[in-house]
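Read through the structure below, which is laid out as structure tokens, and then see the notes.
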Amino acid sequence: MIGSLRGFVESVQDGGCVLDVNGVGYLVHCSRKTLDRLTAREGVQKLLVETRVSQDAITLFGFLDAQEREAFLALIEVKTVGPQKALVVLSGLTPNQLAQAIAAKERKRLSDVKGLGAATATRIVDEPAMQKWAVGRAMPDEDGVGAVAIAVPVVAGVEADAASALTNLGWKRPEAAAAVARAARRLGDDAGLNALITEALREMAPR
């Protein structure tokens, strides 16, 4: 399997590029964001590569950094989201923006990605594995965008008790705290412990 390629960009086309590696041209499928970064550079380029083998083809997918490849691998595990659809997502959102949208359950932010659609966006956001992937990866942008929506909340009082209860059930602390915070916002300040736990469990349950 090919893990990476280093060479000159011979040509760029819709959905990919041809990378000349010692005279051999490799067709590598990439997101629009990766292609834009490639065309802004000169000289030898290095692409991390994910190789997918099917009955009738060997297809290469290229990424400029490990974060994009990691997001791609997470996305293709979602039902009905194959490699090409994953590139559509990553053409519209950076890995950090994707993590922000999933952690905050911003379905519209995903559905606004050109070529994705509301049904697929909802499936990605509601996928438990994608929720777990997003925890700890979503960071505020340099201008602060996303800070409130995705920061792991500091919980106290009854919320802290609820988060501890979920942690004891096997959930990771950041994920439990985030679910409790969302439940508390929905239920209001007077919510009791049992209500918070029940609502937080609904938050984390597969849809």
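Labels for the structure tokens follow display order: chains A, B, ..., residues from 1 in each chain, ligands from 1.
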Can you tell me which residues surround A:Lys33 at a distance of at most 8 Å, considering only C-alpha atoms, apart from same-chain residues fewer than 2 positions away, and format the answer as a list of chain:residue names?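 Neighbouring residues, sequence-local ones excluded: A:Ser31, A:Leu35, A:Asp36, A:Arg37, A:Leu90, A:Ser91, A:Gly92, A:Thr94.
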What does the file look like for those residues with all heavy atoms, as an mmCIF file, in the first residue's frame?
```cif
data_model
loop_
_atom_site.group_PDB
_atom_site.id
_atom_site.type_symbol
_atom_site.label_atom_id
_atom_site.label_comp_id
_atom_site.auth_asym_id
_atom_site.auth_seq_id
_atom_site.Cartn_x
_atom_site.Cartn_y
_atom_site.Cartn_z
ATOM 1 N N SER A 31 -9.338 16.790 -1.576
ATOM 2 C CA SER A 31 -10.369 17.785 -1.308
ATOM 3 C C SER A 31 -10.019 19.079 -2.027
ATOM 4 O O SER A 31 -8.870 19.314 -2.411
ATOM 5 C CB SER A 31 -10.486 18.041 0.199
ATOM 6 O OG SER A 31 -9.333 18.750 0.665
ATOM 7 N N LEU A 35 -6.322 20.864 -2.802
ATOM 8 C CA LEU A 35 -5.923 21.277 -4.144
ATOM 9 C C LEU A 35 -5.561 22.760 -4.173
ATOM 10 O O LEU A 35 -4.590 23.155 -4.830
ATOM 11 C CB LEU A 35 -7.050 20.986 -5.140
ATOM 12 C CG LEU A 35 -7.317 19.505 -5.434
ATOM 13 C CD1 LEU A 35 -8.508 19.355 -6.370
ATOM 14 C CD2 LEU A 35 -6.083 18.832 -6.031
ATOM 15 N N ASP A 36 -6.328 23.578 -3.470
ATOM 16 C CA ASP A 36 -6.019 25.014 -3.423
ATOM 17 C C ASP A 36 -4.650 25.252 -2.784
ATOM 18 O O ASP A 36 -3.889 26.118 -3.230
ATOM 19 C CB ASP A 36 -7.095 25.754 -2.633
ATOM 20 C CG ASP A 36 -8.421 25.843 -3.387
ATOM 21 O OD1 ASP A 36 -8.428 25.603 -4.608
ATOM 22 O OD2 ASP A 36 -9.442 26.136 -2.741
ATOM 23 N N ARG A 37 -4.340 24.499 -1.731
ATOM 24 C CA ARG A 37 -3.039 24.662 -1.070
ATOM 25 C C ARG A 37 -1.911 24.167 -1.973
ATOM 26 O O ARG A 37 -0.816 24.749 -1.990
ATOM 27 C CB ARG A 37 -3.034 23.909 0.257
ATOM 28 C CG ARG A 37 -3.947 24.545 1.316
ATOM 29 C CD ARG A 37 -4.177 23.639 2.503
ATOM 30 N NE ARG A 37 -2.955 23.397 3.262
ATOM 31 C CZ ARG A 37 -2.877 22.531 4.271
ATOM 32 N NH1 ARG A 37 -3.943 21.814 4.625
ATOM 33 N NH2 ARG A 37 -1.732 22.370 4.920
ATOM 34 N N LEU A 90 -14.772 17.579 3.307
ATOM 35 C CA LEU A 90 -13.498 18.230 3.588
ATOM 36 C C LEU A 90 -13.162 19.330 2.590
ATOM 37 O O LEU A 90 -12.236 20.108 2.822
ATOM 38 C CB LEU A 90 -12.388 17.175 3.622
ATOM 39 C CG LEU A 90 -12.530 16.166 4.766
ATOM 40 C CD1 LEU A 90 -11.544 15.024 4.607
ATOM 41 C CD2 LEU A 90 -12.344 16.856 6.122
ATOM 42 N N SER A 91 -13.907 19.395 1.500
ATOM 43 C CA SER A 91 -13.761 20.520 0.577
ATOM 44 C C SER A 91 -14.454 21.760 1.134
ATOM 45 O O SER A 91 -14.076 22.891 0.821
ATOM 46 C CB SER A 91 -14.355 20.170 -0.797
ATOM 47 O OG SER A 91 -13.583 19.176 -1.439
ATOM 48 N N GLY A 92 -15.469 21.537 1.968
ATOM 49 C CA GLY A 92 -16.217 22.656 2.525
ATOM 50 C C GLY A 92 -15.798 23.058 3.920
ATOM 51 O O GLY A 92 -15.972 24.213 4.316
ATOM 52 N N THR A 94 -12.687 22.567 7.132
ATOM 53 C CA THR A 94 -11.427 22.033 7.617
ATOM 54 C C THR A 94 -11.728 20.971 8.675
ATOM 55 O O THR A 94 -12.852 20.917 9.212
ATOM 56 C CB THR A 94 -10.571 23.140 8.257
ATOM 57 O OG1 THR A 94 -11.238 23.615 9.434
ATOM 58 C CG2 THR A 94 -10.349 24.299 7.289
#
```
Counting only C-alpha atoms, what is within 10 Å of A:Ala162, bar same-chain residues fewer than 4 positions away, as JSON, numbers by chain? {"A": [155, 156, 157, 158, 166, 167, 168, 176, 177, 179, 180, 181, 192, 193, 194, 195, 196, 197, 198, 200]}
Under the rule that only C-alpha atoms are counted, which of A:Gly25, A:Gly62, A:Ser164, A:Thr39 is the nearest residue to A:Val12?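 For A:Val12, the nearest of the given residues is A:Thr39.
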Which residues are close to A:Ala129, i.e. within 9 Å by only C-alpha atoms, leaving aside same-chain residues fewer than 4 positions away? Reply as an NGL selection string. :A and (74 or 77-78 or 133-134)
For the alpha helix (DSSP H) assignment from backbone DSSP, which residues of stretch 13-142 of chain A qualify? Please present them as a VMD selection string. chain A and resid 32 to 39 66 to 75 83 to 92 95 to 103 107 to 111 118 to 126 128 to 134
Would you kindly return, as a PyMOL selection string, each protein, DNA or RNA residue with an atom no farther than 9 Å from any atom of A:Ile124, considering only C-alpha atoms and excluding same-chain residues fewer than 6 positions away? chain A and resi 75+78-79+81+102+107+110+130-131
For A:Thr34, which residue among A:Arg6, A:Arg69, A:Arg182, A:Lys85 is the nearest when counting only C-alpha atoms?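 The closest residue to A:Thr34 is A:Arg69.
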For atom CA of A:Glu50 and atom CA of A:Val21, the interatomic separation in Å (one decimal):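 One can read the atom CA of A:Glu50 to atom CA of A:Val21 distance as 16.5 Å.
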So which one's closest to A:Gly3, A:Leu38, A:Ile76, A:Leu60, A:Leu27? Using only C-alpha atoms, please.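 Ranking A:Leu38, A:Ile76, A:Leu60, A:Leu27 by distance to A:Gly3, first place goes to A:Leu60.
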Nearest to A:Gly16 among A:Leu48, A:Leu87, A:Val113, A:Ala66, with distances taken over only C-alpha atoms: which residue is it? A:Leu87
Report the residues of stretch 27-155 of chain A whose backbone DSSP state falls under strand (DSSP E), written as a list in words.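 Selection result, strand (DSSP E) within stretch 27-155 of chain A: Leu27, Val28, His29, Gln45, Lys46, Leu47, Leu48, Val49, Glu50, Thr51, Arg52, Val53, Ile58, Thr59, Leu60, Phe61, Gly62 and Phe63 of chain A.
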Residues from last step as file, N, CA, C and O atoms, as a PDB file, in the first residue's frame:
```pdb
ATOM      1  N   LEU A  27      -2.430   9.554 -10.154  1.00  0.00           N
ATOM      2  CA  LEU A  27      -3.684  10.283 -10.016  1.00  0.00           C
ATOM      3  C   LEU A  27      -4.127  10.165  -8.564  1.00  0.00           C
ATOM      4  O   LEU A  27      -4.387   9.066  -8.069  1.00  0.00           O
ATOM      5  N   VAL A  28      -4.185  11.310  -7.881  1.00  0.00           N
ATOM      6  CA  VAL A  28      -4.529  11.331  -6.465  1.00  0.00           C
ATOM      7  C   VAL A  28      -5.775  12.197  -6.269  1.00  0.00           C
ATOM      8  O   VAL A  28      -5.800  13.358  -6.686  1.00  0.00           O
ATOM      9  N   HIS A  29      -6.794  11.632  -5.651  1.00  0.00           N
ATOM     10  CA  HIS A  29      -8.022  12.374  -5.373  1.00  0.00           C
ATOM     11  C   HIS A  29      -7.829  13.181  -4.092  1.00  0.00           C
ATOM     12  O   HIS A  29      -7.349  12.656  -3.082  1.00  0.00           O
ATOM     13  N   GLN A  45       6.171  18.517  -3.724  1.00  0.00           N
ATOM     14  CA  GLN A  45       5.086  18.439  -2.755  1.00  0.00           C
ATOM     15  C   GLN A  45       5.036  17.042  -2.145  1.00  0.00           C
ATOM     16  O   GLN A  45       5.356  16.053  -2.817  1.00  0.00           O
ATOM     17  N   LYS A  46       4.619  16.972  -0.899  1.00  0.00           N
ATOM     18  CA  LYS A  46       4.411  15.674  -0.262  1.00  0.00           C
ATOM     19  C   LYS A  46       2.952  15.525   0.114  1.00  0.00           C
ATOM     20  O   LYS A  46       2.360  16.418   0.720  1.00  0.00           O
ATOM     21  N   LEU A  47       2.382  14.398  -0.274  1.00  0.00           N
ATOM     22  CA  LEU A  47       1.005  14.091   0.086  1.00  0.00           C
ATOM     23  C   LEU A  47       0.969  12.805   0.909  1.00  0.00           C
ATOM     24  O   LEU A  47       1.591  11.808   0.541  1.00  0.00           O
ATOM     25  N   LEU A  48       0.261  12.847   2.021  1.00  0.00           N
ATOM     26  CA  LEU A  48      -0.069  11.612   2.726  1.00  0.00           C
ATOM     27  C   LEU A  48      -1.148  10.913   1.913  1.00  0.00           C
ATOM     28  O   LEU A  48      -2.033  11.568   1.362  1.00  0.00           O
ATOM     29  N   VAL A  49      -1.069   9.615   1.824  1.00  0.00           N
ATOM     30  CA  VAL A  49      -1.953   8.892   0.909  1.00  0.00           C
ATOM     31  C   VAL A  49      -2.709   7.788   1.634  1.00  0.00           C
ATOM     32  O   VAL A  49      -2.138   7.054   2.449  1.00  0.00           O
ATOM     33  N   GLU A  50      -3.980   7.701   1.345  1.00  0.00           N
ATOM     34  CA  GLU A  50      -4.814   6.584   1.772  1.00  0.00           C
ATOM     35  C   GLU A  50      -5.178   5.799   0.521  1.00  0.00           C
ATOM     36  O   GLU A  50      -5.745   6.345  -0.431  1.00  0.00           O
ATOM     37  N   THR A  51      -4.813   4.529   0.501  1.00  0.00           N
ATOM     38  CA  THR A  51      -5.054   3.681  -0.667  1.00  0.00           C
ATOM     39  C   THR A  51      -6.285   2.823  -0.437  1.00  0.00           C
ATOM     40  O   THR A  51      -6.382   2.118   0.564  1.00  0.00           O
ATOM     41  N   ARG A  52      -7.235   2.906  -1.355  1.00  0.00           N
ATOM     42  CA  ARG A  52      -8.453   2.102  -1.259  1.00  0.00           C
ATOM     43  C   ARG A  52      -8.495   1.156  -2.446  1.00  0.00           C
ATOM     44  O   ARG A  52      -8.349   1.561  -3.600  1.00  0.00           O
ATOM     45  N   VAL A  53      -8.663  -0.125  -2.163  1.00  0.00           N
ATOM     46  CA  VAL A  53      -8.660  -1.156  -3.192  1.00  0.00           C
ATOM     47  C   VAL A  53     -10.052  -1.733  -3.337  1.00  0.00           C
ATOM     48  O   VAL A  53     -10.667  -2.157  -2.351  1.00  0.00           O
ATOM     49  N   ILE A  58      -7.658   0.588  -8.006  1.00  0.00           N
ATOM     50  CA  ILE A  58      -6.872   1.017  -6.852  1.00  0.00           C
ATOM     51  C   ILE A  58      -6.900   2.543  -6.874  1.00  0.00           C
ATOM     52  O   ILE A  58      -6.425   3.165  -7.815  1.00  0.00           O
ATOM     53  N   THR A  59      -7.495   3.141  -5.847  1.00  0.00           N
ATOM     54  CA  THR A  59      -7.710   4.587  -5.827  1.00  0.00           C
ATOM     55  C   THR A  59      -6.899   5.219  -4.715  1.00  0.00           C
ATOM     56  O   THR A  59      -6.876   4.718  -3.581  1.00  0.00           O
ATOM     57  N   LEU A  60      -6.232   6.312  -5.052  1.00  0.00           N
ATOM     58  CA  LEU A  60      -5.403   7.026  -4.086  1.00  0.00           C
ATOM     59  C   LEU A  60      -6.093   8.317  -3.665  1.00  0.00           C
ATOM     60  O   LEU A  60      -6.594   9.073  -4.507  1.00  0.00           O
ATOM     61  N   PHE A  61      -6.101   8.573  -2.359  1.00  0.00           N
ATOM     62  CA  PHE A  61      -6.639   9.810  -1.814  1.00  0.00           C
ATOM     63  C   PHE A  61      -5.514  10.526  -1.076  1.00  0.00           C
ATOM     64  O   PHE A  61      -4.825   9.919  -0.245  1.00  0.00           O
ATOM     65  N   GLY A  62      -5.321  11.808  -1.388  1.00  0.00           N
ATOM     66  CA  GLY A  62      -4.175  12.529  -0.849  1.00  0.00           C
ATOM     67  C   GLY A  62      -4.542  13.635   0.116  1.00  0.00           C
ATOM     68  O   GLY A  62      -5.583  14.293  -0.027  1.00  0.00           O
ATOM     69  N   PHE A  63      -3.645  13.861   1.092  1.00  0.00           N
ATOM     70  CA  PHE A  63      -3.876  14.853   2.144  1.00  0.00           C
ATOM     71  C   PHE A  63      -2.547  15.542   2.467  1.00  0.00           C
ATOM     72  O   PHE A  63      -1.514  14.889   2.537  1.00  0.00           O
TER      73      PHE A  63
END
```
Nearest-residue call for A:Val18, choices A:Glu203, A:Ala121, A:Leu5, A:Arg173, using only C-alpha atoms: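 Result for the nearest residue to A:Val18: A:Leu5.
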Which is closer to A:Pro174 than all the others in A:Val24, A:Val135, A:Ala101, A:Cys30, using only C-alpha atoms? A:Val135
